[in-house]
Amino acid sequence: MVGSKVKDSTDGARRDVLVAPPVEVAAAHATDDDFDALESVISVRGLDFFYGKEQALFDNDVDIKRNRVTAIIGPSGCGKSTHIRTYNRIYELYRDHRATGEIVFDGKNILVPGTDVLDLRRRMGMIFQKPSPFPMSVFDNVAYGLRQHYKLSRSELADRVEDALRRSALWDEVKHKLGEPGIALSGGQQQRLCIARCIATEPDVVLMDEPASAIDPVATAKIEELMESLKKNYTIVIVTHNMQQAARVSDYTAFFYEGRIVEFGPTTQIFSNPREKQTEDYITGRFS
Ligand SMILES: Nc1ncnc2c1ncn2[C@@H]1O[C@H](COP(=O)(O)OP(=O)(O)OP(=O)(O)O)[C@@H](O)[C@H]1O
Ligand SMILES: [Mg+2]
């Protein structure tokens, strides 16, 4: 973000204000989409979330479209992570955390009792901010979910592991060290290993919570490239602090503020012509 002189609307004087350079939106975005005609993989309606008595999400509505990348942006503490953690009910691992409303996935509200949560978590894979390989070999990291969910012969398993590593743009870098510990890889490689582990079991949706914030710019560029190829087969939801990244990788963007979705729309529109003043203030860096 750069500082530049702009006219203050209150007294007309020019003074330094933090204003972000215009965020470039990649030409490859799905600008020609007919949003309503696209299939919604997830439809969120009236979602509220509570940490004990504290409410963190208020009446969230959003549609996540198949084979598209949806970015979730907004200031720290606005509820981005809380929101995506409802999609696979991972919050339930903690007592006192509660979601109400509807998250319709594959025609069913997954918030109701009786949902097969194990299956839900396979279908909604999650990538975290800090790369988190399991304490086992590169091969076993990717094979882990495959062994849990499918009965495969040795050679089928090896083929599936290789395929997932290839699709995560990691195969060439690790094919000679499949037996080495996953945590011995570089940070960027570890994150791609986690992506391979996630897609090996063929989820419908890949949820990413700031997947590139703990790795260097070259590794980040690789993850961003990877997202472009992954969206052919998967639906991706990415939380990011980095607005340039949101503009580069996503087709749709939701701007969150204080637990509410202030604005949701095509990324091109959100970054070039936001409807809400709060969105504009945030994307231009004029946020207090
Ligand atoms: N385990 C928890 N217990 C209680 N409150 C929590 C917990 N986790 C988050 N919160 C609160 O919920 C709100 C939303 O937090 P959340 O982590 O979803 O924000 P975020 O947008 O992901 O922020 P960041 O950009 O910093 O990751 C915040 O007010 C936060 O303090
Ligand atoms: Mg977060």
# chains A, B, ... in the order shown; residues from 1 in each chain; ligands from 1

call {"tool": "residues_around", "arguments": {"residues": "Asn233 (chain A)", "least_positions_apart": "5", "cutoff": "9 Å", "atoms": "only C-alpha atoms", "output": "ChimeraX atom specification"}}
result
/A:66-67,204

call {"tool": "write_last_selection", "arguments": {"atoms": "C-alpha atoms", "output": "PDB file, in the first residue's frame"}}
result
ATOM      1  CA  ARG A  66     -19.258 -24.607  -8.766  1.00  0.00           C
ATOM      2  CA  ASN A  67     -15.833 -24.440 -10.432  1.00  0.00           C
ATOM      3  CA  ASP A 204     -16.235 -31.061  -3.911  1.00  0.00           C
TER       4      ASP A 204
END

call {"tool": "residues_around", "arguments": {"residues": "region 37-46 of chain A", "least_positions_apart": "4", "cutoff": "9 Å", "atoms": "only C-alpha atoms", "output": "list in words"}}
result
Asp33, Phe58, Asp59, Asn60, Asp61, Val62, Asp63, Ile64, Lys65, Arg66, Tyr87, Thr100, Gly101, Glu102, Ile103, Val104, Phe105, Asp106, Gly107, Asp204, Val205 and Thr235 of chain A

call {"tool": "residues_near_ligand", "arguments": {"ligand": "ligand 2", "cutoff": "8 Å", "atoms": "only C-alpha atoms and all ligand atoms", "output": "list of chain:residue names"}}
result
A:Ser76, A:Gly77, A:Gly79, A:Lys80, A:Ser81, A:Thr82, A:Asp209, A:Glu210, A:Val239

call {"tool": "select_by_dssp", "arguments": {"residues": "region 230-268 of chain A", "states": "strand (DSSP E or B)", "output": "VMD selection string"}}
result
chain A and resid 235 to 239 252 to 257 260 to 266

call {"tool": "write_last_selection", "arguments": {"atoms": "N, CA and C atoms", "output": "tab-separated table (two decimals), in the first residue's frame"}}
result
chain	number	residue	atom	x	y	z
A	235	THR	N	-14.41	-26.56	-6.44
A	235	THR	CA	-14.92	-25.24	-6.09
A	235	THR	C	-14.04	-24.75	-4.96
A	236	ILE	N	-13.57	-23.52	-5.06
A	236	ILE	CA	-12.60	-23.05	-4.07
A	236	ILE	C	-13.14	-21.82	-3.33
A	237	VAL	N	-12.99	-21.84	-2.02
A	237	VAL	CA	-13.30	-20.65	-1.22
A	237	VAL	C	-12.02	-20.28	-0.51
A	238	ILE	N	-11.55	-19.06	-0.72
A	238	ILE	CA	-10.28	-18.65	-0.12
A	238	ILE	C	-10.46	-17.41	0.75
A	239	VAL	N	-10.00	-17.50	1.98
A	239	VAL	CA	-9.94	-16.33	2.85
A	239	VAL	C	-8.58	-15.70	2.63
A	252	TYR	N	-15.47	-14.39	-7.60
A	252	TYR	CA	-16.45	-13.68	-6.77
A	252	TYR	C	-15.79	-13.31	-5.45
A	253	THR	N	-16.25	-12.21	-4.88
A	253	THR	CA	-15.68	-11.75	-3.63
A	253	THR	C	-16.78	-11.35	-2.66
A	254	ALA	N	-16.59	-11.79	-1.41
A	254	ALA	CA	-17.50	-11.35	-0.34
A	254	ALA	C	-16.69	-10.49	0.62
A	255	PHE	N	-17.20	-9.30	0.90
A	255	PHE	CA	-16.53	-8.42	1.86
A	255	PHE	C	-17.27	-8.50	3.20
A	256	PHE	N	-16.53	-8.91	4.22
A	256	PHE	CA	-17.10	-9.07	5.57
A	256	PHE	C	-16.68	-7.89	6.44
A	257	TYR	N	-17.60	-7.49	7.31
A	257	TYR	CA	-17.26	-6.48	8.31
A	257	TYR	C	-18.10	-6.74	9.56
A	260	ARG	N	-20.79	-9.41	9.43
A	260	ARG	CA	-21.83	-9.33	8.39
A	260	ARG	C	-21.20	-9.31	7.01
A	261	ILE	N	-21.94	-9.83	6.02
A	261	ILE	CA	-21.46	-9.72	4.64
A	261	ILE	C	-22.01	-8.41	4.10
A	262	VAL	N	-21.11	-7.45	3.96
A	262	VAL	CA	-21.52	-6.11	3.53
A	262	VAL	C	-21.83	-6.12	2.04
A	263	GLU	N	-21.01	-6.85	1.29
A	263	GLU	CA	-21.20	-6.86	-0.16
A	263	GLU	C	-20.64	-8.15	-0.74
A	264	PHE	N	-21.36	-8.69	-1.71
A	264	PHE	CA	-20.91	-9.90	-2.40
A	264	PHE	C	-21.19	-9.71	-3.88
A	265	GLY	N	-20.22	-10.03	-4.72
A	265	GLY	CA	-20.45	-9.88	-6.15
A	265	GLY	C	-19.26	-10.33	-6.94
A	266	PRO	N	-19.32	-10.15	-8.28
A	266	PRO	CA	-18.17	-10.49	-9.11
A	266	PRO	C	-16.95	-9.68	-8.65

call {"tool": "closest_atom_pairs", "arguments": {"of": "chain A", "to": "ligand 1", "cutoff": "10 Å", "atoms": "only C-alpha atoms and all ligand atoms", "output": "tab-separated table"}}
result
residue	atom	partner	partner_atom_place_in_ligand_line	distance
A:Phe49	CA	ligand 1	12 (O)	8.9
A:Phe50	CA	ligand 1	5 (N)	8.2
A:Tyr51	CA	ligand 1	4 (C)	4.9
A:Gly52	CA	ligand 1	4 (C)	7.3
A:Lys53	CA	ligand 1	4 (C)	9.1
A:Glu54	CA	ligand 1	5 (N)	7.0
A:Gln55	CA	ligand 1	12 (O)	7.6
A:Ala56	CA	ligand 1	12 (O)	4.8
A:Leu57	CA	ligand 1	14 (C)	7.6
A:Ile72	CA	ligand 1	21 (O)	8.9
A:Ile73	CA	ligand 1	21 (O)	7.8
A:Gly74	CA	ligand 1	21 (O)	6.5
A:Pro75	CA	ligand 1	25 (O)	5.9
A:Ser76	CA	ligand 1	25 (O)	3.5
A:Gly77	CA	ligand 1	19 (O)	3.4
A:Cys78	CA	ligand 1	21 (O)	4.0
A:Gly79	CA	ligand 1	18 (O)	3.2
A:Lys80	CA	ligand 1	21 (O)	3.8
A:Ser81	CA	ligand 1	22 (O)	3.7
A:Thr82	CA	ligand 1	18 (O)	3.7
A:His83	CA	ligand 1	18 (O)	6.4
A:Ile84	CA	ligand 1	18 (O)	8.4
A:Arg85	CA	ligand 1	18 (O)	8.4
A:Tyr91	CA	ligand 1	1 (N)	8.6
A:Tyr94	CA	ligand 1	1 (N)	8.0
A:Arg95	CA	ligand 1	1 (N)	9.7
A:Asp96	CA	ligand 1	3 (N)	8.9
A:His97	CA	ligand 1	3 (N)	7.9
A:Gln129	CA	ligand 1	27 (O)	9.2
A:Asp209	CA	ligand 1	22 (O)	8.0
A:Glu210	CA	ligand 1	27 (O)	8.0
A:Val239	CA	ligand 1	22 (O)	7.8
A:Thr240	CA	ligand 1	25 (O)	7.7
A:His241	CA	ligand 1	25 (O)	6.5
A:Phe256	CA	ligand 1	21 (O)	7.7
A:Tyr257	CA	ligand 1	21 (O)	8.3
A:Glu258	CA	ligand 1	29 (O)	7.7
A:Gly259	CA	ligand 1	14 (C)	6.8

call {"tool": "write_last_selection", "arguments": {"atoms": "C-alpha atoms", "output": "CSV table (one decimal), in the first residue's frame"}}
result
chain,number,residue,atom,x,y,z
A,49,PHE,CA,-22.6,-18.1,14.7
A,50,PHE,CA,-21.9,-18.0,18.5
A,51,TYR,CA,-18.8,-18.5,20.6
A,52,GLY,CA,-20.6,-19.1,23.8
A,53,LYS,CA,-22.7,-16.0,24.3
A,54,GLU,CA,-20.6,-13.9,21.9
A,55,GLN,CA,-22.2,-13.7,18.4
A,56,ALA,CA,-19.5,-13.6,15.7
A,57,LEU,CA,-21.6,-14.0,12.5
A,72,ILE,CA,-13.6,-13.8,1.5
A,73,ILE,CA,-12.0,-10.5,2.5
A,74,GLY,CA,-12.3,-8.1,5.4
A,75,PRO,CA,-10.4,-6.7,8.3
A,76,SER,CA,-9.0,-8.9,11.1
A,77,GLY,CA,-11.6,-10.3,13.4
A,78,CYS,CA,-14.6,-9.7,11.0
A,79,GLY,CA,-15.5,-13.4,10.9
A,80,LYS,CA,-13.8,-14.8,7.8
A,81,SER,CA,-12.4,-17.9,9.4
A,82,THR,CA,-15.5,-18.4,11.5
A,83,HIS,CA,-17.6,-18.3,8.3
A,84,ILE,CA,-15.7,-21.0,6.4
A,85,ARG,CA,-15.3,-23.2,9.4
A,91,TYR,CA,-16.1,-25.7,14.9
A,94,TYR,CA,-15.0,-27.1,20.5
A,95,ARG,CA,-17.7,-27.0,23.1
A,96,ASP,CA,-20.0,-23.9,23.2
A,97,HIS,CA,-19.5,-23.1,19.5
A,129,GLN,CA,-2.8,-20.8,7.1
A,209,ASP,CA,-7.9,-20.0,5.1
A,210,GLU,CA,-5.0,-17.6,4.2
A,239,VAL,CA,-9.9,-16.3,2.9
A,240,THR,CA,-7.2,-13.8,2.3
A,241,HIS,CA,-5.9,-10.6,3.8
A,256,PHE,CA,-17.1,-9.1,5.6
A,257,TYR,CA,-17.3,-6.5,8.3
A,258,GLU,CA,-18.1,-7.1,12.0
A,259,GLY,CA,-19.6,-10.5,11.2

call {"tool": "closest_residue", "arguments": {"among": "A:Asp172, A:Glu180, A:Asp216, A:Asp116", "to": "Phe139 (chain A)", "atoms": "only C-alpha atoms"}}
result
A:Glu180

call {"tool": "select_by_dssp", "arguments": {"residues": "region 30-88 of chain A", "states": "alpha helix (DSSP H)", "output": "number ranges by chain"}}
result
A: 80-87

call {"tool": "closest_residue", "arguments": {"among": "A:Asp34, A:Glu280, A:Glu173, A:Asp251", "to": "Thr268 (chain A)", "atoms": "only C-alpha atoms"}}
result
A:Asp251

call {"tool": "closest_residue", "arguments": {"among": "A:Arg89, A:Glu156, A:Leu170, A:Cys194", "to": "Met208 (chain A)", "atoms": "only C-alpha atoms"}}
result
A:Cys194

call {"tool": "atom_distance", "arguments": {"atom1": "CA of Ile195 (chain A)", "atom2": "CA of Leu152 (chain A)"}}
result
20.7 Å

call {"tool": "closest_residue", "arguments": {"among": "A:Ile283, A:Ala212, A:Ile110, A:Val161", "to": "Ala200 (chain A)", "atoms": "only C-alpha atoms"}}
result
A:Val161

call {"tool": "closest_residue", "arguments": {"among": "A:Asn141, A:Ser250, A:Ser272, A:Asn109", "to": "Gln190 (chain A)", "atoms": "only C-alpha atoms"}}
result
A:Asn141

call {"tool": "atom_distance", "arguments": {"atom1": "CA of Phe128 (chain A)", "atom2": "CA of Asp163 (chain A)"}}
result
21.9 Å

call {"tool": "closest_residue", "arguments": {"among": "A:Lys177, A:Leu185, A:Thr201, A:Gly125", "to": "Gly145 (chain A)", "atoms": "only C-alpha atoms"}}
result
A:Thr201
